[in-house]
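To be precise, the following lines are query-v6.pdb, and they hold PDB, C-alpha atoms.
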```pdb
ATOM      1  CA  MET A 171       7.565 -25.030 -16.915
ATOM      2  CA  ILE A 172       4.781 -22.718 -15.706
ATOM      3  CA  THR A 173       3.606 -23.224 -12.144
ATOM      4  CA  ASN A 174       0.485 -21.943 -10.428
ATOM      5  CA  VAL A 175       2.547 -19.218  -8.786
ATOM      6  CA  ASP A 176       3.859 -18.105 -12.184
ATOM      7  CA  VAL A 177       0.323 -17.825 -13.538
ATOM      8  CA  GLN A 178      -0.906 -15.936 -10.461
ATOM      9  CA  ASP A 179       1.945 -13.402 -10.660
ATOM     10  CA  ASP A 180       1.813 -13.083 -14.464
ATOM     11  CA  LEU A 181       1.514  -9.390 -15.349
ATOM     12  CA  LEU A 182      -1.181  -8.341 -17.808
ATOM     13  CA  THR A 183      -1.761  -5.142 -19.736
ATOM     14  CA  THR A 184      -4.910  -3.200 -18.925
ATOM     15  CA  GLY A 185      -6.311  -4.368 -22.282
ATOM     16  CA  GLU A 186      -5.672  -8.026 -21.439
ATOM     17  CA  ALA A 187      -7.224  -7.541 -17.994
ATOM     18  CA  ALA A 188     -10.242  -5.838 -19.570
ATOM     19  CA  ALA A 189     -10.709  -8.768 -21.961
ATOM     20  CA  ILE A 190     -10.682 -11.245 -19.069
ATOM     21  CA  LEU A 191     -13.134  -9.127 -17.074
ATOM     22  CA  GLY A 192     -15.349  -8.405 -20.075
ATOM     23  CA  SER A 193     -14.933  -4.689 -19.459
ATOM     24  CA  THR A 194     -13.097  -1.732 -20.958
ATOM     25  CA  ARG A 195      -9.502  -0.639 -20.434
ATOM     26  CA  GLN A 196     -10.904   2.514 -18.841
ATOM     27  CA  HIS A 197     -12.723   0.400 -16.238
ATOM     28  CA  VAL A 198      -9.470  -1.392 -15.404
ATOM     29  CA  GLY A 199      -7.796   2.030 -15.146
ATOM     30  CA  ASN A 200     -10.518   3.130 -12.727
ATOM     31  CA  LEU A 201      -9.971  -0.026 -10.633
ATOM     32  CA  ILE A 202      -6.269   0.833 -10.471
ATOM     33  CA  LYS A 203      -6.946   4.480  -9.504
ATOM     34  CA  ARG A 204      -9.321   3.443  -6.699
ATOM     35  CA  GLY A 205      -6.817   0.904  -5.423
ATOM     36  CA  ASP A 206      -9.223  -1.977  -6.052
ATOM     37  CA  ILE A 207      -6.521  -3.827  -7.960
ATOM     38  CA  THR A 208      -2.739  -3.767  -7.527
ATOM     39  CA  SER A 209      -0.748  -2.363 -10.424
ATOM     40  CA  THR A 210       2.856  -1.980 -11.458
ATOM     41  CA  LEU A 211       4.160   0.704 -13.778
ATOM     42  CA  VAL A 212       6.242  -0.764 -16.612
ATOM     43  CA  GLY A 213       7.620   2.129 -18.587
ATOM     44  CA  LYS A 214       4.573   4.351 -19.032
ATOM     45  CA  HIS A 215       2.012   1.541 -18.900
ATOM     46  CA  TYR A 216       0.242  -0.135 -16.003
ATOM     47  CA  ARG A 217       0.341  -3.877 -15.523
ATOM     48  CA  VAL A 218      -1.875  -5.905 -13.185
ATOM     49  CA  ARG A 219      -1.403  -9.365 -11.719
ATOM     50  CA  ARG A 220      -3.398 -12.131 -13.383
ATOM     51  CA  GLY A 221      -4.328 -13.505  -9.948
ATOM     52  CA  ASP A 222      -5.943 -10.189  -8.967
ATOM     53  CA  VAL A 223      -7.880 -10.048 -12.236
ATOM     54  CA  GLU A 224      -9.079 -13.624 -11.762
ATOM     55  CA  MET A 225     -10.224 -12.807  -8.218
ATOM     56  CA  LEU A 226     -12.237  -9.879  -9.545
ATOM     57  CA  LYS A 227     -13.727 -12.006 -12.299
ATOM     58  CA  GLN A 228     -14.787 -14.712  -9.847
ATOM     59  CA  GLY A 229     -16.521 -12.144  -7.685
ATOM     60  CA  SER A 230     -14.063 -12.331  -4.830
ATOM     61  CA  ILE A 231     -14.853  -8.731  -3.971
ATOM     62  CA  ARG A 232     -17.120 -10.071  -1.211
ATOM     63  CA  LEU A 233     -15.310 -10.266   2.105
ATOM     64  CA  THR A 234     -14.609 -13.589   3.741
ATOM     65  CA  ARG A 235     -15.141 -13.855   7.500
ATOM     66  CA  ASP A 236     -11.389 -13.436   8.119
ATOM     67  CA  GLN A 237     -11.185 -10.446   5.776
ATOM     68  CA  ARG A 238     -14.162  -8.844   7.508
ATOM     69  CA  ARG A 239     -12.494  -9.370  10.889
ATOM     70  CA  SER A 240      -9.227  -7.846   9.655
ATOM     71  CA  LEU A 241     -11.151  -4.872   8.222
ATOM     72  CA  TRP A 242     -12.885  -4.232  11.544
ATOM     73  CA  LEU A 243      -9.567  -4.562  13.359
ATOM     74  CA  GLY A 244      -8.199  -2.115  10.781
ATOM     75  CA  TYR A 245     -10.888   0.401  11.803
ATOM     76  CA  ALA A 246      -9.938  -0.005  15.471
ATOM     77  CA  ILE A 247      -6.235   0.332  14.678
ATOM     78  CA  ALA A 248      -6.941   3.428  12.573
ATOM     79  CA  GLY A 249      -8.718   4.946  15.583
ATOM     80  CA  LYS A 250      -5.629   4.377  17.721
ATOM     81  CA  ILE A 251      -3.342   5.805  15.036
ATOM     82  CA  VAL A 252      -5.223   9.104  14.830
ATOM     83  CA  THR A 253      -4.819   9.621  18.584
ATOM     84  CA  ASP A 254      -1.004   9.226  18.485
ATOM     85  CA  PRO A 255       0.347   8.722  14.946
ATOM     86  CA  ASN A 256       4.039   8.960  15.857
ATOM     87  CA  ALA A 257       3.908   6.240  18.524
ATOM     88  CA  ALA A 258       1.741   3.945  16.373
ATOM     89  CA  ILE A 259       3.994   4.277  13.334
ATOM     90  CA  ALA A 260       7.138   3.760  15.438
ATOM     91  CA  LEU A 261       5.617   0.539  16.851
ATOM     92  CA  ALA A 262       4.728  -0.681  13.345
ATOM     93  CA  GLN A 263       8.236   0.092  12.049
ATOM     94  CA  ARG A 264       9.805  -1.908  14.897
ATOM     95  CA  ASN A 265       7.415  -4.793  14.221
ATOM     96  CA  ILE A 266       8.233  -4.750  10.509
ATOM     97  CA  ASP A 267      11.961  -4.862  11.196
ATOM     98  CA  THR A 268      11.427  -7.895  13.441
ATOM     99  CA  MET A 269       9.076  -9.625  10.982
ATOM    100  CA  LEU A 270      11.312  -8.982   7.960
ATOM    101  CA  SER A 271      14.180 -10.768   9.683
ATOM    102  CA  THR A 272      12.196 -14.047   9.629
ATOM    103  CA  GLN A 273       9.625 -13.626   6.825
ATOM    104  CA  ARG A 274      10.058 -15.081   3.338
ATOM    105  CA  GLY A 275       8.030 -15.096   0.123
ATOM    106  CA  SER A 276       4.925 -13.003  -0.435
ATOM    107  CA  GLY A 277       4.718 -12.018   3.242
ATOM    108  CA  ARG A 278       8.026 -10.230   2.831
ATOM    109  CA  ARG A 279       6.687  -8.373  -0.214
ATOM    110  CA  TRP A 280       3.661  -7.105   1.733
ATOM    111  CA  LEU A 281       5.826  -6.063   4.687
ATOM    112  CA  THR A 282       8.022  -4.083   2.315
ATOM    113  CA  ARG A 283       4.875  -2.371   0.995
ATOM    114  CA  TRP A 284       3.901  -1.553   4.596
ATOM    115  CA  LYS A 285       7.364  -0.113   5.189
ATOM    116  CA  ASP A 286       6.857   2.200   2.203
ATOM    117  CA  LEU A 287       3.378   3.172   3.449
ATOM    118  CA  LEU A 288       4.719   3.988   6.901
ATOM    119  CA  SER A 289       7.182   6.473   5.429
ATOM    120  CA  GLY A 290       4.398   8.342   3.622
ATOM    121  CA  PRO A 291       1.376  10.361   4.720
ATOM    122  CA  THR A 292      -0.597   8.985   7.672
ATOM    123  CA  GLU A 293      -3.775   9.306   5.602
ATOM    124  CA  GLU A 294      -2.519   6.571   3.257
ATOM    125  CA  ILE A 295      -1.983   4.237   6.208
ATOM    126  CA  LEU A 296      -5.499   4.974   7.461
ATOM    127  CA  ALA A 297      -6.944   4.453   3.981
ATOM    128  CA  THR A 298      -5.199   1.074   3.685
ATOM    129  CA  LEU A 299      -6.436  -0.086   7.084
ATOM    130  CA  THR A 300     -10.038   0.825   6.230
ATOM    131  CA  SER A 301     -10.214   0.008   2.507
ATOM    132  CA  ASN A 302     -12.059  -2.921   0.985
ATOM    133  CA  SER A 303      -9.652  -3.149  -1.969
ATOM    134  CA  ILE A 304      -7.865  -6.389  -2.792
ATOM    135  CA  THR A 305      -4.498  -4.772  -2.095
ATOM    136  CA  ALA A 306      -5.616  -3.498   1.311
ATOM    137  CA  ARG A 307      -6.948  -6.967   2.185
ATOM    138  CA  GLU A 308      -3.555  -8.503   1.413
ATOM    139  CA  LEU A 309      -1.722  -5.816   3.368
ATOM    140  CA  ARG A 310      -3.949  -6.302   6.416
ATOM    141  CA  GLN A 311      -3.066 -10.012   6.437
ATOM    142  CA  ASN A 312       0.512  -8.877   7.193
ATOM    143  CA  ASN A 313      -0.465  -6.105   9.596
ATOM    144  CA  PRO A 314       2.519  -4.536  11.405
ATOM    145  CA  PHE A 315       0.414  -2.940  14.152
ATOM    146  CA  ALA A 316       0.490  -5.916  16.532
ATOM    147  CA  GLY A 317       0.414  -4.671  20.103
ATOM    148  CA  LEU A 318      -1.237  -1.341  19.276
ATOM    149  CA  LEU A 319      -4.647  -2.472  20.519
ATOM    150  CA  ASP A 320      -4.901  -3.753  24.052
ATOM    151  CA  GLU A 321      -6.129  -7.347  24.317
ATOM    152  CA  ALA A 322      -9.573  -6.402  25.652
ATOM    153  CA  THR A 323     -10.218  -4.050  22.720
ATOM    154  CA  ARG A 324      -8.932  -6.584  20.201
ATOM    155  CA  LEU A 325     -11.229  -9.294  21.580
ATOM    156  CA  GLN A 326     -14.170  -6.876  21.689
ATOM    157  CA  VAL A 327     -13.694  -6.015  18.000
ATOM    158  CA  ILE A 328     -13.373  -9.692  17.038
ATOM    159  CA  SER A 329     -16.545 -10.468  18.967
ATOM    160  CA  ALA A 330     -18.393  -7.593  17.319
ATOM    161  CA  THR A 331     -17.639  -8.915  13.816
ATOM    162  CA  GLY A 332     -19.925 -11.858  14.598
ATOM    163  CA  HIS A 333     -23.048  -9.693  14.814
ATOM    164  CA  LYS A 334     -25.790 -10.173  12.233
ATOM    165  CA  LYS A 335     -25.384  -8.248   8.981
ATOM    166  CA  SER A 336     -27.881  -5.507   8.362
TER     167      SER A 336
END
```
Using structure tokens, write down the structure from this file.
Amino acid sequence: MITNVDVQDDLLTTGEAAAILGSTRQHVGNLIKRGDITSTLVGKHYRVRRGDVEMLKQGSIRLTRDQRRSLWLGYAIAGKIVTDPNAAIALAQRNIDTMLSTQRGSGRRWLTRWKDLLSGPTEEILATLTSNSITARELRQNNPFAGLLDEATRLQVISATGHKKS
């Protein structure tokens, strides 16, 4: 029996994704390169999750209020990281270890992705915190940088996200 979760996590070829989006395989490849859609390498070919393709098709590129808030918090966190990357990354690694001991399901998958990011170049961490891609949005929902911003700064950023759009 196929459940909703099975359909969401169903992996598609770039050609299948292009057909759903009404675009070309090259466009799907460009989305993958930019990080706008999560991909998995199967052999020598990329696969994308059906759920991500459906989100793109439905126009879910536009940020929700919560996603906008997490993006702005990501900018503030990125600012703290560039001032002391070693301390910030060490904090995030400790937080991930704590969170992984209790987390299950998709949250665990995103924390594992964060763990991989934290072991790579700092620039990739900064790019993830400040990107508007679907993958970055999901990662920010499981942000391991809790405690990096002081409470006053965190509240100031959250308050600032309520300003009128230009």
Atom CA of Ala262 of chain A to atom CA of Ile207 of chain A, straight-line distance in Å: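 A separation of 24.3 Å between them.
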Care to translate the PyMOL selection byres ((chain A and resi 283) around 12) into actual residues of this file, as a list in words? Thr208, Gln263, Ile266, Leu270, Ser276, Gly277, Arg278, Arg279, Trp280, Leu281, Thr282, Trp284, Lys285, Asp286, Leu287, Leu288, Ser289, Gly290, Glu294, Ile295, Thr298, Thr305, Ala306, Glu308, Leu309, Arg310, Asn312, Asn313 and Pro314 of chain A
Have a look at atom CA of Leu241 of chain A and atom CA of Arg324 of chain A and let me know their distance in Å, one decimal.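 Computed distance, atom CA of Leu241 of chain A to atom CA of Arg324 of chain A, equals 12.3 Å.
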With all atoms listed in the file as the atoms that count, which of A:Asn256, A:Thr272, A:Gln311, A:Thr194 lies nearest to Arg238 of chain A?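 Residue with the minimum atom-to-atom distance to Arg238 of chain A: A:Gln311.
Distance-wise, atom CA of Leu182 of chain A and atom CA of Arg220 of chain A end up 6.2 Å apart.
Closest approach to Ile247 of chain A among A:Ala187, A:Leu296, A:Ala330, A:Ile202: A:Leu296, based on all atoms listed in the file.
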Name every residue that the PyMOL selection byres ((chain A and resi 319) around 12) selects in this structure, writing the answer as number ranges by chain with chains first and numbers rising. A: 243-251, 258, 261-262, 314-318, 320-328
Nearest residue to Asp222 of chain A from the set A:Ser303, A:Gln273, A:Ser193, A:Ser329 (distances using all atoms listed in the file):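 Of the candidates, the smallest distance to Asp222 of chain A is held by A:Ser303.
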Test item: residues at most 12 Å from Leu211 of chain A, all atoms listed in the file, excluding those fewer than 2 positions along its chain, as a list in words: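 Contacts, with the query itself left out: Leu181, Leu182, Thr183, Thr184, Ile202, Thr208, Ser209, Gly213, Lys214, His215, Tyr216, Arg217, Val218 and Arg219 of chain A.
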Centre, x/y/z edge lengths, axis-aligned box for segment 178-194 of chain A with 8 Å per side, as JSON:
```
{"center_x": -6.7, "center_y": -8.8, "center_z": -16.4, "size_x": 33.3, "size_y": 30.2, "size_z": 27.8}
```
Compile the contact shell of Ala189 of chain A as a PyMOL selection string: residues with an atom at most 12 Å away, counting all atoms listed in the file, same-chain residues fewer than 6 positions apart removed. chain A and resi 182-183+195-198+220+223-224+227
C-alpha atoms of segment 204-329 of chain A, written as a PDB file, in the first residue's frame:
```
ATOM      1  CA  ARG A 204      21.720  25.947  -7.432  1.00  0.00           C
ATOM      2  CA  GLY A 205      20.483  23.912  -4.486  1.00  0.00           C
ATOM      3  CA  ASP A 206      16.870  24.902  -5.154  1.00  0.00           C
ATOM      4  CA  ILE A 207      15.841  21.256  -5.039  1.00  0.00           C
ATOM      5  CA  THR A 208      17.323  18.354  -3.070  1.00  0.00           C
ATOM      6  CA  SER A 209      18.879  15.572  -5.112  1.00  0.00           C
ATOM      7  CA  THR A 210      20.365  12.152  -4.564  1.00  0.00           C
ATOM      8  CA  LEU A 211      22.940  10.536  -6.810  1.00  0.00           C
ATOM      9  CA  VAL A 212      21.897   7.027  -7.865  1.00  0.00           C
ATOM     10  CA  GLY A 213      24.745   5.573  -9.851  1.00  0.00           C
ATOM     11  CA  LYS A 214      25.624   8.404 -12.226  1.00  0.00           C
ATOM     12  CA  HIS A 215      22.138   9.925 -12.335  1.00  0.00           C
ATOM     13  CA  TYR A 216      20.413  12.459 -10.114  1.00  0.00           C
ATOM     14  CA  ARG A 217      17.081  11.729  -8.499  1.00  0.00           C
ATOM     15  CA  VAL A 218      14.784  14.266  -6.834  1.00  0.00           C
ATOM     16  CA  ARG A 219      11.999  13.793  -4.310  1.00  0.00           C
ATOM     17  CA  ARG A 220       8.477  13.946  -5.716  1.00  0.00           C
ATOM     18  CA  GLY A 221       7.415  16.129  -2.773  1.00  0.00           C
ATOM     19  CA  ASP A 222      10.039  18.753  -3.664  1.00  0.00           C
ATOM     20  CA  VAL A 223       8.962  18.739  -7.311  1.00  0.00           C
ATOM     21  CA  GLU A 224       5.315  19.121  -6.309  1.00  0.00           C
ATOM     22  CA  MET A 225       6.208  22.058  -4.048  1.00  0.00           C
ATOM     23  CA  LEU A 226       7.971  23.752  -6.947  1.00  0.00           C
ATOM     24  CA  LYS A 227       5.049  23.088  -9.260  1.00  0.00           C
ATOM     25  CA  GLN A 228       2.561  24.563  -6.791  1.00  0.00           C
ATOM     26  CA  GLY A 229       4.637  27.706  -6.499  1.00  0.00           C
ATOM     27  CA  SER A 230       5.795  27.068  -2.966  1.00  0.00           C
ATOM     28  CA  ILE A 231       8.958  29.015  -3.696  1.00  0.00           C
ATOM     29  CA  ARG A 232       7.341  31.972  -1.909  1.00  0.00           C
ATOM     30  CA  LEU A 233       8.329  32.103   1.739  1.00  0.00           C
ATOM     31  CA  THR A 234       5.780  31.558   4.463  1.00  0.00           C
ATOM     32  CA  ARG A 235       5.931  33.838   7.506  1.00  0.00           C
ATOM     33  CA  ASP A 236       7.762  31.141   9.508  1.00  0.00           C
ATOM     34  CA  GLN A 237      10.220  30.498   6.676  1.00  0.00           C
ATOM     35  CA  ARG A 238      10.894  34.224   6.372  1.00  0.00           C
ATOM     36  CA  ARG A 239      11.538  34.426  10.118  1.00  0.00           C
ATOM     37  CA  SER A 240      13.922  31.456   9.996  1.00  0.00           C
ATOM     38  CA  LEU A 241      15.742  33.034   7.031  1.00  0.00           C
ATOM     39  CA  TRP A 242      16.227  36.305   8.906  1.00  0.00           C
ATOM     40  CA  LEU A 243      17.399  34.394  11.970  1.00  0.00           C
ATOM     41  CA  GLY A 244      19.740  32.538   9.607  1.00  0.00           C
ATOM     42  CA  TYR A 245      21.247  35.883   8.539  1.00  0.00           C
ATOM     43  CA  ALA A 246      21.787  36.855  12.184  1.00  0.00           C
ATOM     44  CA  ILE A 247      23.305  33.464  12.992  1.00  0.00           C
ATOM     45  CA  ALA A 248      25.571  33.721   9.940  1.00  0.00           C
ATOM     46  CA  GLY A 249      26.799  37.079  11.260  1.00  0.00           C
ATOM     47  CA  LYS A 250      27.720  35.465  14.573  1.00  0.00           C
ATOM     48  CA  ILE A 251      29.436  32.550  12.831  1.00  0.00           C
ATOM     49  CA  VAL A 252      31.763  34.791  10.823  1.00  0.00           C
ATOM     50  CA  THR A 253      32.970  36.478  14.020  1.00  0.00           C
ATOM     51  CA  ASP A 254      33.963  33.171  15.693  1.00  0.00           C
ATOM     52  CA  PRO A 255      33.432  30.140  13.426  1.00  0.00           C
ATOM     53  CA  ASN A 256      35.120  27.598  15.707  1.00  0.00           C
ATOM     54  CA  ALA A 257      32.988  28.407  18.760  1.00  0.00           C
ATOM     55  CA  ALA A 258      29.761  28.570  16.721  1.00  0.00           C
ATOM     56  CA  ILE A 259      30.402  25.243  15.005  1.00  0.00           C
ATOM     57  CA  ALA A 260      31.386  23.578  18.298  1.00  0.00           C
ATOM     58  CA  LEU A 261      28.095  24.787  19.848  1.00  0.00           C
ATOM     59  CA  ALA A 262      26.107  23.460  16.873  1.00  0.00           C
ATOM     60  CA  GLN A 263      27.876  20.080  17.035  1.00  0.00           C
ATOM     61  CA  ARG A 264      27.045  19.744  20.746  1.00  0.00           C
ATOM     62  CA  ASN A 265      23.426  20.696  20.047  1.00  0.00           C
ATOM     63  CA  ILE A 266      23.180  18.150  17.235  1.00  0.00           C
ATOM     64  CA  ASP A 267      24.524  15.381  19.449  1.00  0.00           C
ATOM     65  CA  THR A 268      21.893  16.238  22.069  1.00  0.00           C
ATOM     66  CA  MET A 269      19.072  16.530  19.516  1.00  0.00           C
ATOM     67  CA  LEU A 270      19.996  13.300  17.710  1.00  0.00           C
ATOM     68  CA  SER A 271      19.653  11.370  20.955  1.00  0.00           C
ATOM     69  CA  THR A 272      15.914  12.206  21.081  1.00  0.00           C
ATOM     70  CA  GLN A 273      14.939  13.019  17.470  1.00  0.00           C
ATOM     71  CA  ARG A 274      13.212  10.550  15.151  1.00  0.00           C
ATOM     72  CA  GLY A 275      11.967  10.600  11.560  1.00  0.00           C
ATOM     73  CA  SER A 276      12.689  13.390   9.105  1.00  0.00           C
ATOM     74  CA  GLY A 277      14.095  15.657  11.829  1.00  0.00           C
ATOM     75  CA  ARG A 278      16.865  13.132  12.340  1.00  0.00           C
ATOM     76  CA  ARG A 279      17.617  13.144   8.605  1.00  0.00           C
ATOM     77  CA  TRP A 280      17.999  16.939   8.566  1.00  0.00           C
ATOM     78  CA  LEU A 281      20.198  16.887  11.675  1.00  0.00           C
ATOM     79  CA  THR A 282      22.438  14.338   9.986  1.00  0.00           C
ATOM     80  CA  ARG A 283      22.676  16.687   6.985  1.00  0.00           C
ATOM     81  CA  TRP A 284      23.641  19.511   9.369  1.00  0.00           C
ATOM     82  CA  LYS A 285      26.303  17.282  10.906  1.00  0.00           C
ATOM     83  CA  ASP A 286      27.783  16.743   7.437  1.00  0.00           C
ATOM     84  CA  LEU A 287      27.620  20.489   6.700  1.00  0.00           C
ATOM     85  CA  LEU A 288      29.392  21.318   9.949  1.00  0.00           C
ATOM     86  CA  SER A 289      32.334  19.124   8.982  1.00  0.00           C
ATOM     87  CA  GLY A 290      32.770  20.961   5.674  1.00  0.00           C
ATOM     88  CA  PRO A 291      33.713  24.504   4.682  1.00  0.00           C
ATOM     89  CA  THR A 292      32.199  27.305   6.770  1.00  0.00           C
ATOM     90  CA  GLU A 293      31.029  28.969   3.552  1.00  0.00           C
ATOM     91  CA  GLU A 294      28.597  26.090   2.953  1.00  0.00           C
ATOM     92  CA  ILE A 295      27.104  26.584   6.413  1.00  0.00           C
ATOM     93  CA  LEU A 296      26.713  30.307   5.741  1.00  0.00           C
ATOM     94  CA  ALA A 297      25.172  29.620   2.331  1.00  0.00           C
ATOM     95  CA  THR A 298      22.644  27.220   3.880  1.00  0.00           C
ATOM     96  CA  LEU A 299      21.662  29.689   6.595  1.00  0.00           C
ATOM     97  CA  THR A 300      21.072  32.460   4.043  1.00  0.00           C
ATOM     98  CA  SER A 301      19.677  30.527   1.064  1.00  0.00           C
ATOM     99  CA  ASN A 302      16.081  30.589  -0.105  1.00  0.00           C
ATOM    100  CA  SER A 303      16.275  27.044  -1.509  1.00  0.00           C
ATOM    101  CA  ILE A 304      13.808  24.376  -0.433  1.00  0.00           C
ATOM    102  CA  THR A 305      16.614  22.322   1.097  1.00  0.00           C
ATOM    103  CA  ALA A 306      17.917  25.276   3.111  1.00  0.00           C
ATOM    104  CA  ARG A 307      14.383  25.996   4.362  1.00  0.00           C
ATOM    105  CA  GLU A 308      14.069  22.427   5.638  1.00  0.00           C
ATOM    106  CA  LEU A 309      17.505  22.536   7.246  1.00  0.00           C
ATOM    107  CA  ARG A 310      16.734  25.809   9.028  1.00  0.00           C
ATOM    108  CA  GLN A 311      13.641  24.204  10.579  1.00  0.00           C
ATOM    109  CA  ASN A 312      16.090  21.891  12.401  1.00  0.00           C
ATOM    110  CA  ASN A 313      18.664  24.577  13.157  1.00  0.00           C
ATOM    111  CA  PRO A 314      21.462  23.391  15.481  1.00  0.00           C
ATOM    112  CA  PHE A 315      22.603  26.907  16.413  1.00  0.00           C
ATOM    113  CA  ALA A 316      20.264  27.340  19.391  1.00  0.00           C
ATOM    114  CA  GLY A 317      21.940  29.506  22.000  1.00  0.00           C
ATOM    115  CA  LEU A 318      24.281  31.249  19.554  1.00  0.00           C
ATOM    116  CA  LEU A 319      22.209  34.436  19.500  1.00  0.00           C
ATOM    117  CA  ASP A 320      21.491  36.129  22.787  1.00  0.00           C
ATOM    118  CA  GLU A 321      17.785  36.425  23.606  1.00  0.00           C
ATOM    119  CA  ALA A 322      17.624  40.181  22.968  1.00  0.00           C
ATOM    120  CA  THR A 323      19.097  39.793  19.473  1.00  0.00           C
ATOM    121  CA  ARG A 324      16.836  36.848  18.675  1.00  0.00           C
ATOM    122  CA  LEU A 325      13.732  38.805  19.705  1.00  0.00           C
ATOM    123  CA  GLN A 326      14.917  41.874  17.785  1.00  0.00           C
ATOM    124  CA  VAL A 327      15.303  39.818  14.591  1.00  0.00           C
ATOM    125  CA  ILE A 328      11.886  38.190  15.058  1.00  0.00           C
ATOM    126  CA  SER A 329      10.333  41.611  15.578  1.00  0.00           C
TER     127      SER A 329
END
```
